[in-house]
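Structure record follows, encoded as structure tokens.
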Amino acid sequence: MNREIERESLDRVLETVRSARSQALIVRGDPGVGKTALLGYLTGRAREFRVLPVSGVQSQMELAYAALTVLVEPIRHRLDDMPAPQRTALRTALGLSPGPAPDRFLVGLALLTLLSEAAGDRPLICVIDDEQWLDQASAQALGFAARRLAADPVGLVFGAREPSAHLAGLPVLEVGGLAAGHARELLDANLAGPLDDQVRDLIVSEAQGNPLALLELPRSMTTADFAGGFGLPAVPSVSVRLEEGFLRRMEALPAPARRLLQLAAADPSGDPVLVHRAARRLGIPSQAASAAAEAHLLAFNERVHFRHPIVRSVAYRSASEPARREMHAALAEFTDAVSDPDRRAWHRAQAVSGPDESVAAELERSAERAQSRGGLAAAAAFREQSVRLTPDPARHAERALAAAAVTMASGAFGRARELLDTATAGPLAPFAAARADQLRARITFVAGVGEDALAVLIRSAETLTPLDPGLARVSYLEAIRAASFAGRMTGPRSMTEIAYAARALPPAAEPRPVDRLLDALATIFVEGPAAAAPALREVAREFAVSDLTREDGLAFGWLASAVIWDDDAAYEINRRQVAVSRATGALDQLPLDLVALALSEAWRGDFASAGSHMAETAAICEITGSQMPPSTSAFLAALRGDRAELAPLNEALHAVAGFGQQSQATYAHWVSAVLESGHGRHADAYAEAKLAVDDGHVLVSTWALPQLIESAVKVGAGDVAGQALEQLTATTHDGTDFGRGEEALGRALLGEAALYGEAIELFGRAGIRTEQARSRLLHGEWLRRENRLDEARSELRTAREMFDGMGMTAFADRARRELMATGERAARRRAGAAPAALTDRESLIAWLAAEGLSNPEIGAQLFLSARTVEWHLGKVFGKLGVTSRTELAEKLPARS
């Protein structure tokens with residue numbers, strides 16, 4: 001039957017899984033081409049496997065985790081053996097336990113663990129047919145698992161017409177039509193009598209090798225068609241012709257049998273008892289099932305089974321609107337309100353022809369249940385249906401706003417905007433209108449920061465001021481953050497405008513840390529950085545040491561620390577943010593937190609930890625589909641002096657700037673200045689640093705001031721260096737060791753050479769090893785020019801060793817050149833500390849293992865199964881020539 005290639009591909013899946021390696025495969029093809037038959041072949045060949053089957057049902061797509069519930073039912077008893085957070089997430093998602101909405105990626109990790117553990121006894125194959133009709137939550141979890149399994153005897157094989165985006169990147173087996181000869185054989189084997197050759201050729205040609213079409217088209221032909229062969233009209237596609245054929249066969253049935261087909265198509269549960277009860281309510285006699293079965297369209301066994309999914313679709317569409325409402329009403333009546341309230345609510349919604357408050361309220365309760373299980377797509381669908389059925393205009397607007405919020409959370413930003421438009425077109429109360437503005441601004445922020453988001457946030461804050469000053473302050477903080485990303489320091493809707501508006505707020509009766517932070521940030525743009533620095537230092541330490549939560553505004557703390565060179569506070573805030581995001585499964589926030597923490601580690605010269613956190617960020621973005629500007633990766637590349645690595649990263653930063661995040665262009669100029677400084681190309685460093693500082697960004701331009709001071713001195717632009725030092729001291733005077741170290745180094749470069757030693761000591765106390773080594777290099781260069789060669793050699797040797805140890809190759813080479821200028825033959829470059837043979841993921845797993853984490857703990861952090869972690873560690877051990885975790889720890893540098 002010309003299926004040898006497809007069968008061989010499926011046999012390879014089984015062989016791969018038998019060898020304790022996972023395999024995912026999409027079997028893709030047109031309706032009727034034989035996907036289900038091939039999946040049946042796979043199931044038949046997997047006799048020594050545990051097989052978990054499930055099929056997507058189009059009318060069930062809105063019910064969160066409906067497919068996953070069916071798939072894991074045979075192995076559900078293994079939930080008790082799973083880690084508690086994963087067990088809780090999966091039980092909540094499946095509706096087995098009450099609880100807050102679990103993060104969908106934690107549910108995916110739980111599924112990953114469950115499948116891996118269930119495969120411990122014997123290999124496991126999950127066979128998922130009609131994947132395009134899975135509910136979104138199930139599709140996300142299965143796609144997650146398919147990408148993360150590696151060294152597990154688990155296979156996931158999907159049948160799909162067009163696979164959903166959740167399976168993007170997985171290997172695909174295209175199923176085409178049968179060859180002409182095989183198509184004729186199939187056709188002849190299923191004919192009751194001889195067929196005119198001309199008719200046969202027309203059927204074979206029109207079927208295009210589609211097996212179902214070859215079986216079904218003759219059944220829909222008339223006597224004239226068989227006789228002359230000229231009665232086959234051209235049709236747009238095989239699928240359309242199949243639908244027409246099935247429809248003609250339905251129309252030939254007695255009316256009760258047609259009605260039964262339509263009723264069964266309206267219920268996605270496949271429960272024959274439910275369908276029979278509803279049929280009796282509608283007056284459909286029991287013998288109607290026999291007529292449908294004799295027509296080979298529908299069968300009642302343990303489940304209601306259609307000849308093909310096309311039959312279900314055609315049957316449902318063939319019913320009139322009044323008939324559909326009547327069928328859904330009967331199904332709702334006999335759907336248990338206790339055990340299956342959401343399906344009952346959905347049937348009731350399809351049964352009403354106009355607004356109905358009782359049904360709308362029931363849908364709202366279903367949305368809350370779906371959201372508590374983490375089914376955001378289902379919650380959005382329920383809420384949108386609730387909006388449609390709400391009669392009261394004010395309640396209609398409020399429900400539209402709630403639907404917009406959950407729809408945005410589900411990732412459907414365009415539909416969320418439409419629902420917001422619906423909400424704001426209605427009579428929203430002022431408080432709700434302000435929240436609508438906040439939501440609209442957040443959607444705009446996700447799409448790309450621009451003036452629109454700033455204007456809407458400011459309007460929201462102004463509306464909220466008399467209603468809820470606390471929320472108004474949060475809106476102003478969000479506006480400052482948005483303006484910071486957008487790079488809007490001056491001009492319309494600038495930081496200054498936001499600052500004056502925030503200052504006009506009535507003082508908080510009991511100021512919170514976020515209130516004090518807003519006041520301090522506003523002071524920067526009203527009175528200047530020097531006036532704001534003391535308050536910023538105080539609030540930064542408060543964020544670092546206080547027991548704040550995400551609800552208290554912990555995420556805003558970095559704004560305070562970043563302005564005033566308080567890396568100790570920044571490191572502590574970012575470390576806590578990472579811990580909180582991990583504990584709560586907030587994978588939307590975790591990449592941001594990891595990037596910020598990696599930046600602190602980069603300043604400290606801990607490139608190993610920074611690199612591992614960037615690898616973790618990449619792993620999370622891979623599974624979430626989110627994107628992060630490569631800012632910290634660019635800073636690391638610049639510190640290493642890797643021009644080839646930095647070039648594409650800077651291109652990406654400039655591209656992001658073109659979409660509204662102008663701050664990323666400032667960042668690209670700053671890191672380019674760092675790179676050129678390392679290579680000793682001071683004129684180029686000066687040009688890049690000048691561009692970064694002239695941008696006037698409250699954060700990044702401040703970070704670029706040390707590079708501008710150094711490069712300006714090197715090229716003889718002393719006046720520019722002096723101005724830059726004045727700007728720097730506005731945020732460093734009487735401040736942290738980090739900031740005072742930068743000030744001391746700047747003054748040393750401008751002539752107060754005695755301050756080199758103070759800068760080195762201050763950076764050492766602050767733990768900023770990159771700047772401490774740079775200070776030693778600059779001091780050594782000055783000593784050489786002063787002809788104090790012995791002192792210069794000592795300082796330059798120390799700088800070179802520090803640069804080599806951190807992996808700052810270009811700076812290390814610059815120190816070597818200076819040593820050679822003193823007459824010393826410099827030592828050859830030392831290899832970097834990180835093991836070059838390991839991939840980023842292998843390095844990250846190696847460091848985590850060396851720190852004492854078990855394989856399940858590593859897997860939970862990196863969203864891998866324990867067996868996959870073990871497989872990676874085996875490769876690490878082989879590359880490094882070690883046999884134990886104790887030896888591994890000795891081979892790797894320490895991580896902070």
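We name chains A, B, ... following the order of the structure tokens; residues begin at 1 in each chain, and ligands are numbered from 1 as shown.
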
Excluding same-chain residues fewer than 3 positions from Ala753 (chain A), what lies within 12 Å of it counting only C-alpha atoms, as a ChimeraX atom specification? /A:744-750,756-759,775,778-783,786

Residue neighbourhood region 501-517 of chain A, 9 Å, only C-alpha atoms, exclusion window fewer than 6 positions, as a PDB file with all heavy atoms, in the first residue's frame:
ATOM      1  N   ILE A 458       0.288  57.178  32.384  1.00  0.00           N
ATOM      2  CA  ILE A 458       0.131  58.460  33.081  1.00  0.00           C
ATOM      3  C   ILE A 458      -1.351  58.780  33.254  1.00  0.00           C
ATOM      4  O   ILE A 458      -1.787  59.212  34.336  1.00  0.00           O
ATOM      5  CB  ILE A 458       0.854  59.580  32.310  1.00  0.00           C
ATOM      6  CG1 ILE A 458       2.379  59.366  32.371  1.00  0.00           C
ATOM      7  CG2 ILE A 458       0.498  60.947  32.901  1.00  0.00           C
ATOM      8  CD1 ILE A 458       3.155  60.292  31.465  1.00  0.00           C
ATOM      9  N   ALA A 461      -2.690  56.655  35.981  1.00  0.00           N
ATOM     10  CA  ALA A 461      -2.267  57.132  37.298  1.00  0.00           C
ATOM     11  C   ALA A 461      -3.071  58.356  37.721  1.00  0.00           C
ATOM     12  O   ALA A 461      -3.473  58.481  38.890  1.00  0.00           O
ATOM     13  CB  ALA A 461      -0.775  57.464  37.269  1.00  0.00           C
ATOM     14  N   GLU A 462      -3.314  59.261  36.771  1.00  0.00           N
ATOM     15  CA  GLU A 462      -4.082  60.464  37.097  1.00  0.00           C
ATOM     16  C   GLU A 462      -5.516  60.105  37.494  1.00  0.00           C
ATOM     17  O   GLU A 462      -6.077  60.699  38.425  1.00  0.00           O
ATOM     18  CB  GLU A 462      -4.076  61.402  35.888  1.00  0.00           C
ATOM     19  CG  GLU A 462      -2.709  62.024  35.632  1.00  0.00           C
ATOM     20  CD  GLU A 462      -2.649  62.769  34.307  1.00  0.00           C
ATOM     21  OE1 GLU A 462      -3.564  62.574  33.468  1.00  0.00           O
ATOM     22  OE2 GLU A 462      -1.700  63.537  34.110  1.00  0.00           O
ATOM     23  N   THR A 465      -5.547  58.517  41.042  1.00  0.00           N
ATOM     24  CA  THR A 465      -5.080  59.342  42.160  1.00  0.00           C
ATOM     25  C   THR A 465      -6.161  59.598  43.199  1.00  0.00           C
ATOM     26  O   THR A 465      -5.950  59.365  44.391  1.00  0.00           O
ATOM     27  CB  THR A 465      -4.483  60.662  41.639  1.00  0.00           C
ATOM     28  OG1 THR A 465      -3.329  60.358  40.855  1.00  0.00           O
ATOM     29  CG2 THR A 465      -4.090  61.579  42.803  1.00  0.00           C
ATOM     30  N   PRO A 469      -4.689  56.116  45.672  1.00  0.00           N
ATOM     31  CA  PRO A 469      -3.349  56.697  45.485  1.00  0.00           C
ATOM     32  C   PRO A 469      -2.247  55.641  45.454  1.00  0.00           C
ATOM     33  O   PRO A 469      -1.238  55.822  44.767  1.00  0.00           O
ATOM     34  CB  PRO A 469      -3.205  57.629  46.687  1.00  0.00           C
ATOM     35  CG  PRO A 469      -4.602  57.952  47.092  1.00  0.00           C
ATOM     36  CD  PRO A 469      -5.397  56.723  46.810  1.00  0.00           C
ATOM     37  N   GLY A 470      -2.416  54.539  46.180  1.00  0.00           N
ATOM     38  CA  GLY A 470      -1.395  53.490  46.170  1.00  0.00           C
ATOM     39  C   GLY A 470      -1.231  52.890  44.788  1.00  0.00           C
ATOM     40  O   GLY A 470      -0.101  52.716  44.299  1.00  0.00           O
ATOM     41  N   ALA A 472      -2.105  54.376  42.067  1.00  0.00           N
ATOM     42  CA  ALA A 472      -1.607  55.456  41.212  1.00  0.00           C
ATOM     43  C   ALA A 472      -0.083  55.510  41.252  1.00  0.00           C
ATOM     44  O   ALA A 472       0.582  55.687  40.213  1.00  0.00           O
ATOM     45  CB  ALA A 472      -2.192  56.797  41.656  1.00  0.00           C
ATOM     46  N   ARG A 473       0.499  55.303  42.448  1.00  0.00           N
ATOM     47  CA  ARG A 473       1.960  55.317  42.562  1.00  0.00           C
ATOM     48  C   ARG A 473       2.578  54.163  41.778  1.00  0.00           C
ATOM     49  O   ARG A 473       3.621  54.324  41.146  1.00  0.00           O
ATOM     50  CB  ARG A 473       2.366  55.252  44.036  1.00  0.00           C
ATOM     51  CG  ARG A 473       2.103  56.545  44.781  1.00  0.00           C
ATOM     52  CD  ARG A 473       2.394  56.435  46.275  1.00  0.00           C
ATOM     53  NE  ARG A 473       2.321  57.761  46.881  1.00  0.00           N
ATOM     54  CZ  ARG A 473       3.351  58.591  46.996  1.00  0.00           C
ATOM     55  NH1 ARG A 473       4.535  58.217  46.560  1.00  0.00           N
ATOM     56  NH2 ARG A 473       3.198  59.776  47.531  1.00  0.00           N
ATOM     57  N   VAL A 474       1.938  53.008  41.821  1.00  0.00           N
ATOM     58  CA  VAL A 474       2.440  51.874  41.042  1.00  0.00           C
ATOM     59  C   VAL A 474       2.391  52.199  39.555  1.00  0.00           C
ATOM     60  O   VAL A 474       3.311  51.860  38.799  1.00  0.00           O
ATOM     61  CB  VAL A 474       1.626  50.606  41.361  1.00  0.00           C
ATOM     62  CG1 VAL A 474       2.003  49.471  40.411  1.00  0.00           C
ATOM     63  CG2 VAL A 474       1.848  50.171  42.804  1.00  0.00           C
ATOM     64  N   TYR A 476       2.691  55.143  38.214  1.00  0.00           N
ATOM     65  CA  TYR A 476       3.801  56.057  37.915  1.00  0.00           C
ATOM     66  C   TYR A 476       5.135  55.309  37.883  1.00  0.00           C
ATOM     67  O   TYR A 476       6.007  55.610  37.052  1.00  0.00           O
ATOM     68  CB  TYR A 476       3.843  57.191  38.939  1.00  0.00           C
ATOM     69  CG  TYR A 476       2.854  58.303  38.647  1.00  0.00           C
ATOM     70  CD1 TYR A 476       1.907  58.687  39.590  1.00  0.00           C
ATOM     71  CD2 TYR A 476       2.866  58.965  37.424  1.00  0.00           C
ATOM     72  CE1 TYR A 476       0.989  59.698  39.328  1.00  0.00           C
ATOM     73  CE2 TYR A 476       1.957  59.980  37.147  1.00  0.00           C
ATOM     74  CZ  TYR A 476       1.024  60.342  38.099  1.00  0.00           C
ATOM     75  OH  TYR A 476       0.120  61.341  37.824  1.00  0.00           O
ATOM     76  N   LEU A 477       5.316  54.339  38.783  1.00  0.00           N
ATOM     77  CA  LEU A 477       6.547  53.535  38.735  1.00  0.00           C
ATOM     78  C   LEU A 477       6.617  52.752  37.429  1.00  0.00           C
ATOM     79  O   LEU A 477       7.687  52.650  36.813  1.00  0.00           O
ATOM     80  CB  LEU A 477       6.605  52.582  39.930  1.00  0.00           C
ATOM     81  CG  LEU A 477       7.180  53.141  41.230  1.00  0.00           C
ATOM     82  CD1 LEU A 477       7.029  52.121  42.356  1.00  0.00           C
ATOM     83  CD2 LEU A 477       8.647  53.507  41.059  1.00  0.00           C
ATOM     84  N   THR A 523      12.820  62.689  42.479  1.00  0.00           N
ATOM     85  CA  THR A 523      13.793  63.711  42.871  1.00  0.00           C
ATOM     86  C   THR A 523      14.934  63.812  41.858  1.00  0.00           C
ATOM     87  O   THR A 523      15.470  64.908  41.615  1.00  0.00           O
ATOM     88  CB  THR A 523      14.350  63.403  44.275  1.00  0.00           C
ATOM     89  OG1 THR A 523      13.266  63.379  45.204  1.00  0.00           O
ATOM     90  CG2 THR A 523      15.358  64.455  44.720  1.00  0.00           C
ATOM     91  N   ALA A 535      18.466  59.419  49.434  1.00  0.00           N
ATOM     92  CA  ALA A 535      17.206  58.679  49.540  1.00  0.00           C
ATOM     93  C   ALA A 535      17.262  57.385  48.744  1.00  0.00           C
ATOM     94  O   ALA A 535      16.726  56.350  49.168  1.00  0.00           O
ATOM     95  CB  ALA A 535      16.042  59.548  49.047  1.00  0.00           C
ATOM     96  N   LEU A 536      17.919  57.419  47.586  1.00  0.00           N
ATOM     97  CA  LEU A 536      18.047  56.207  46.780  1.00  0.00           C
ATOM     98  C   LEU A 536      18.864  55.145  47.507  1.00  0.00           C
ATOM     99  O   LEU A 536      18.529  53.956  47.469  1.00  0.00           O
ATOM    100  CB  LEU A 536      18.692  56.534  45.430  1.00  0.00           C
ATOM    101  CG  LEU A 536      17.790  57.218  44.390  1.00  0.00           C
ATOM    102  CD1 LEU A 536      18.616  57.708  43.215  1.00  0.00           C
ATOM    103  CD2 LEU A 536      16.708  56.251  43.905  1.00  0.00           C
ATOM    104  N   VAL A 539      16.612  53.629  50.256  1.00  0.00           N
ATOM    105  CA  VAL A 539      15.540  52.752  49.780  1.00  0.00           C
ATOM    106  C   VAL A 539      16.118  51.504  49.125  1.00  0.00           C
ATOM    107  O   VAL A 539      15.528  50.415  49.189  1.00  0.00           O
ATOM    108  CB  VAL A 539      14.589  53.508  48.825  1.00  0.00           C
ATOM    109  CG1 VAL A 539      15.188  53.700  47.439  1.00  0.00           C
ATOM    110  CG2 VAL A 539      13.248  52.791  48.720  1.00  0.00           C
ATOM    111  N   ALA A 540      17.296  51.613  48.520  1.00  0.00           N
ATOM    112  CA  ALA A 540      17.936  50.427  47.933  1.00  0.00           C
ATOM    113  C   ALA A 540      18.263  49.408  49.020  1.00  0.00           C
ATOM    114  O   ALA A 540      18.032  48.202  48.854  1.00  0.00           O
ATOM    115  CB  ALA A 540      19.198  50.819  47.169  1.00  0.00           C
ATOM    116  N   GLU A 542      16.758  49.187  51.855  1.00  0.00           N
ATOM    117  CA  GLU A 542      15.482  48.697  52.381  1.00  0.00           C
ATOM    118  C   GLU A 542      14.961  47.558  51.516  1.00  0.00           C
ATOM    119  O   GLU A 542      14.496  46.530  52.023  1.00  0.00           O
ATOM    120  CB  GLU A 542      14.468  49.842  52.430  1.00  0.00           C
ATOM    121  CG  GLU A 542      13.147  49.442  53.084  1.00  0.00           C
ATOM    122  CD  GLU A 542      12.208  50.623  53.226  1.00  0.00           C
ATOM    123  OE1 GLU A 542      12.506  51.706  52.676  1.00  0.00           O
ATOM    124  OE2 GLU A 542      11.168  50.457  53.891  1.00  0.00           O
ATOM    125  N   PHE A 543      15.048  47.726  50.205  1.00  0.00           N
ATOM    126  CA  PHE A 543      14.618  46.657  49.312  1.00  0.00           C
ATOM    127  C   PHE A 543      15.501  45.420  49.477  1.00  0.00           C
ATOM    128  O   PHE A 543      15.044  44.295  49.340  1.00  0.00           O
ATOM    129  CB  PHE A 543      14.664  47.118  47.851  1.00  0.00           C
ATOM    130  CG  PHE A 543      13.377  47.733  47.376  1.00  0.00           C
ATOM    131  CD1 PHE A 543      13.149  49.094  47.518  1.00  0.00           C
ATOM    132  CD2 PHE A 543      12.396  46.963  46.781  1.00  0.00           C
ATOM    133  CE1 PHE A 543      11.969  49.676  47.074  1.00  0.00           C
ATOM    134  CE2 PHE A 543      11.209  47.528  46.343  1.00  0.00           C
ATOM    135  CZ  PHE A 543      10.989  48.889  46.488  1.00  0.00           C
ATOM    136  N   LEU A 548      10.325  41.828  51.737  1.00  0.00           N
ATOM    137  CA  LEU A 548       9.316  42.265  50.787  1.00  0.00           C
ATOM    138  C   LEU A 548       8.897  41.109  49.890  1.00  0.00           C
ATOM    139  O   LEU A 548       9.662  40.182  49.644  1.00  0.00           O
ATOM    140  CB  LEU A 548       9.858  43.402  49.912  1.00  0.00           C
ATOM    141  CG  LEU A 548      10.266  44.689  50.644  1.00  0.00           C
ATOM    142  CD1 LEU A 548      10.849  45.681  49.653  1.00  0.00           C
ATOM    143  CD2 LEU A 548       9.081  45.295  51.363  1.00  0.00           C
ATOM    144  N   ASP A 552       4.561  43.503  47.216  1.00  0.00           N
ATOM    145  CA  ASP A 552       5.053  44.739  47.819  1.00  0.00           C
ATOM    146  C   ASP A 552       5.881  45.567  46.844  1.00  0.00           C
ATOM    147  O   ASP A 552       6.363  46.643  47.206  1.00  0.00           O
ATOM    148  CB  ASP A 552       5.915  44.432  49.055  1.00  0.00           C
ATOM    149  CG  ASP A 552       5.118  43.763  50.164  1.00  0.00           C
ATOM    150  OD1 ASP A 552       3.932  44.100  50.310  1.00  0.00           O
ATOM    151  OD2 ASP A 552       5.676  42.897  50.866  1.00  0.00           O
ATOM    152  N   GLY A 553       6.064  45.062  45.639  1.00  0.00           N
ATOM    153  CA  GLY A 553       6.840  45.813  44.658  1.00  0.00           C
ATOM    154  C   GLY A 553       8.304  45.463  44.619  1.00  0.00           C
ATOM    155  O   GLY A 553       9.128  46.275  44.184  1.00  0.00           O
ATOM    156  N   LEU A 554       8.675  44.253  45.071  1.00  0.00           N
ATOM    157  CA  LEU A 554      10.082  43.854  45.085  1.00  0.00           C
ATOM    158  C   LEU A 554      10.737  44.052  43.725  1.00  0.00           C
ATOM    159  O   LEU A 554      11.908  44.422  43.626  1.00  0.00           O
ATOM    160  CB  LEU A 554      10.199  42.384  45.519  1.00  0.00           C
ATOM    161  CG  LEU A 554      11.594  41.762  45.531  1.00  0.00           C
ATOM    162  CD1 LEU A 554      12.503  42.477  46.522  1.00  0.00           C
ATOM    163  CD2 LEU A 554      11.518  40.272  45.870  1.00  0.00           C
ATOM    164  N   PHE A 556      10.582  46.344  41.642  1.00  0.00           N
ATOM    165  CA  PHE A 556      11.019  47.703  41.332  1.00  0.00           C
ATOM    166  C   PHE A 556      12.343  48.067  42.017  1.00  0.00           C
ATOM    167  O   PHE A 556      12.916  49.121  41.738  1.00  0.00           O
ATOM    168  CB  PHE A 556       9.950  48.721  41.751  1.00  0.00           C
ATOM    169  CG  PHE A 556       8.701  48.677  40.925  1.00  0.00           C
ATOM    170  CD1 PHE A 556       7.507  48.233  41.468  1.00  0.00           C
ATOM    171  CD2 PHE A 556       8.709  49.070  39.597  1.00  0.00           C
ATOM    172  CE1 PHE A 556       6.353  48.186  40.719  1.00  0.00           C
ATOM    173  CE2 PHE A 556       7.550  49.030  38.827  1.00  0.00           C
ATOM    174  CZ  PHE A 556       6.369  48.590  39.392  1.00  0.00           C
ATOM    175  N   GLY A 557      12.827  47.214  42.937  1.00  0.00           N
ATOM    176  CA  GLY A 557      13.996  47.574  43.728  1.00  0.00           C
ATOM    177  C   GLY A 557      15.238  47.846  42.915  1.00  0.00           C
ATOM    178  O   GLY A 557      16.068  48.694  43.283  1.00  0.00           O
ATOM    179  N   LEU A 559      15.589  49.470  40.307  1.00  0.00           N
ATOM    180  CA  LEU A 559      15.656  50.845  39.822  1.00  0.00           C
ATOM    181  C   LEU A 559      16.451  51.734  40.773  1.00  0.00           C
ATOM    182  O   LEU A 559      17.174  52.631  40.338  1.00  0.00           O
ATOM    183  CB  LEU A 559      14.240  51.409  39.658  1.00  0.00           C
ATOM    184  CG  LEU A 559      13.436  50.914  38.447  1.00  0.00           C
ATOM    185  CD1 LEU A 559      11.984  51.342  38.576  1.00  0.00           C
ATOM    186  CD2 LEU A 559      14.051  51.429  37.160  1.00  0.00           C
ATOM    187  N   ALA A 560      16.319  51.465  42.080  1.00  0.00           N
ATOM    188  CA  ALA A 560      17.051  52.282  43.066  1.00  0.00           C
ATOM    189  C   ALA A 560      18.531  51.953  43.051  1.00  0.00           C
ATOM    190  O   ALA A 560      19.390  52.835  42.976  1.00  0.00           O
ATOM    191  CB  ALA A 560      16.470  52.055  44.457  1.00  0.00           C
TER     192      ALA A 560
END

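Nearest residue to Ala687 (chain A), choosing from A:Ala673, A:Leu848, A:Val700, A:Leu39 and counting only C-alpha atoms: A:Ala673.
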
For Ser320 (chain A), list every protein, DNA or RNA residue within 12 Å, evaluated using only C-alpha atoms, and leave out those in the same chain fewer than 4 positions away; present the list as an MDAnalysis selection string. chainID A and resid 259 262:263 315:316 324:327

Please, could you write that set of residues out with C-alpha atoms as a CSV table (one decimal), in the first residue's frame?
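Wrote it out as selection-v7.csv, contents follow:
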chain,number,residue,atom,x,y,z
A,259,ARG,CA,-30.8,14.0,14.5
A,262,GLN,CA,-26.1,15.8,15.1
A,263,LEU,CA,-26.7,15.3,18.8
A,315,ALA,CA,-23.0,16.4,11.2
A,316,TYR,CA,-22.8,19.4,13.6
A,324,ARG,CA,-28.4,23.1,17.8
A,325,ARG,CA,-29.8,25.1,20.7
A,326,GLU,CA,-32.3,22.4,21.4
A,327,MET,CA,-29.6,19.7,21.4

All helix (DSSP H, G or I) positions in region 403-584 of chain A, as a PyMOL selection string: chain A and resi 403-409+413-425+430-447+451-464+469-486+495-503+513-527+529-545+554-563+567-584

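Compared by their closest atoms to Met808 (chain A), and using only C-alpha atoms, the residues A:Thr549, A:Ser600, A:Ser677, A:Ser366 rank with A:Ser677 nearest.
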
Residues near region 631-634 of chain A, cut-off 9 Å, only C-alpha atoms, skip fewer than 2 positions along chain, as a PyMOL selection string: chain A and resi 595-596+598-599+602+610-611+614+628-629+636-639+645-647+649-650+653+664+667-668+671-672

With region 703-719 of chain A as the partner and 10 Å as the cut-off, tabulate the residues of region 563-583 of chain A that qualify, each row holding the nearest pair of atoms and their distance in Å to one decimal, using only C-alpha atoms, sorted by chain and rising number, as a Markdown table.
| residue | atom | partner | partner_atom | distance |
| --- | --- | --- | --- | --- |
| A:Val563 | CA | A:Trp703 | CA | 8.6 |
| A:Ile564 | CA | A:Trp703 | CA | 9.8 |
| A:Trp565 | CA | A:Trp703 | CA | 8.5 |

Given the selection you just returned, output its residues as a file containing C-alpha atoms, formatted as a JSON list (two decimals), in the first residue's frame.
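Result went into again-v3.json, see below:
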[["chain", "number", "residue", "atom", "x", "y", "z"],
["A", 563, "VAL", "CA", 21.33, 54.45, 39.69],
["A", 564, "ILE", "CA", 23.72, 54.74, 42.64],
["A", 565, "TRP", "CA", 26.34, 52.03, 42.02]]

Ranking A:Arg435, A:Arg307, A:Arg867, A:Arg312 by minimum distance to Ser460 (chain A) and counting only C-alpha atoms, which one comes first? A:Arg435

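Omitting region 884-887 of chain A and its sequence neighbours fewer than 4 positions away, and counting only C-alpha atoms, the residues within 7 Å are Ala849, Ala850 and Lys891 of chain A.
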
Could you write out the selected residues, including N, CA and C atoms, as a PDB file, in the first residue's frame?
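Done, and the output landed in selection_2.pdb:
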ATOM      1  N   ALA A 849      25.531  20.228  39.712  1.00  0.00           N
ATOM      2  CA  ALA A 849      25.874  18.953  40.337  1.00  0.00           C
ATOM      3  C   ALA A 849      27.013  19.128  41.332  1.00  0.00           C
ATOM      4  N   ALA A 850      27.987  19.946  40.978  1.00  0.00           N
ATOM      5  CA  ALA A 850      29.117  20.178  41.879  1.00  0.00           C
ATOM      6  C   ALA A 850      28.685  20.879  43.155  1.00  0.00           C
ATOM      7  N   LYS A 891      37.257  20.043  39.396  1.00  0.00           N
ATOM      8  CA  LYS A 891      37.601  20.449  38.032  1.00  0.00           C
ATOM      9  C   LYS A 891      36.972  21.780  37.627  1.00  0.00           C
TER      10      LYS A 891
END

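Restricting the calculation to only C-alpha atoms, the smallest distance between Ser794 (chain A) and any of A:Gln140, A:Thr390, A:Thr822, A:Ser9 is found for A:Thr822.
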
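With only C-alpha atoms as the atoms that count, the minimum distance from Ala810 (chain A) to the choices A:His305, A:His654, A:Arg681, A:Arg122 is reached by A:Arg681.
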
So that I can check the surroundings of Ala332 (chain A), please list as a PyMOL selection string every protein, DNA and RNA residue that reaches within 12 Å of it, counting only C-alpha atoms and ignoring chain neighbours fewer than 4 positions away. chain A and resi 263+266-267+274-275+277-278+281+325-328+336-337+340-352+359

Would you please work out which residue, of A:Met806, A:Ala522, A:Val578, A:Ala380, is nearest to Gln772 (chain A) when using only C-alpha atoms? A:Met806

Which residues, written as an MDAnalysis selection string, have at least one atom at most 12 Å from Gln861 (chain A), with only C-alpha atoms counted and residues fewer than 2 positions away on the same chain left out? chainID A and resid 86 105:106 109 578:579 581:583 585 587 590 613 616:617 619:620 844:845 848:849 853:859 863:866 869

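The space separating CA of Leu79 (chain A) from CA of Cys621 (chain A) comes to 27.4 Å.
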
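Looking only at region 284-533 of chain A, the set that DSSP places in strand (DSSP E or B) from backbone geometry is Leu298, Ala299, Phe300, Val304, His305 and Phe306 of chain A.
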
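In this model, the gap between CA of Ser484 (chain A) and CA of Ile498 (chain A) comes to 11.5 Å.
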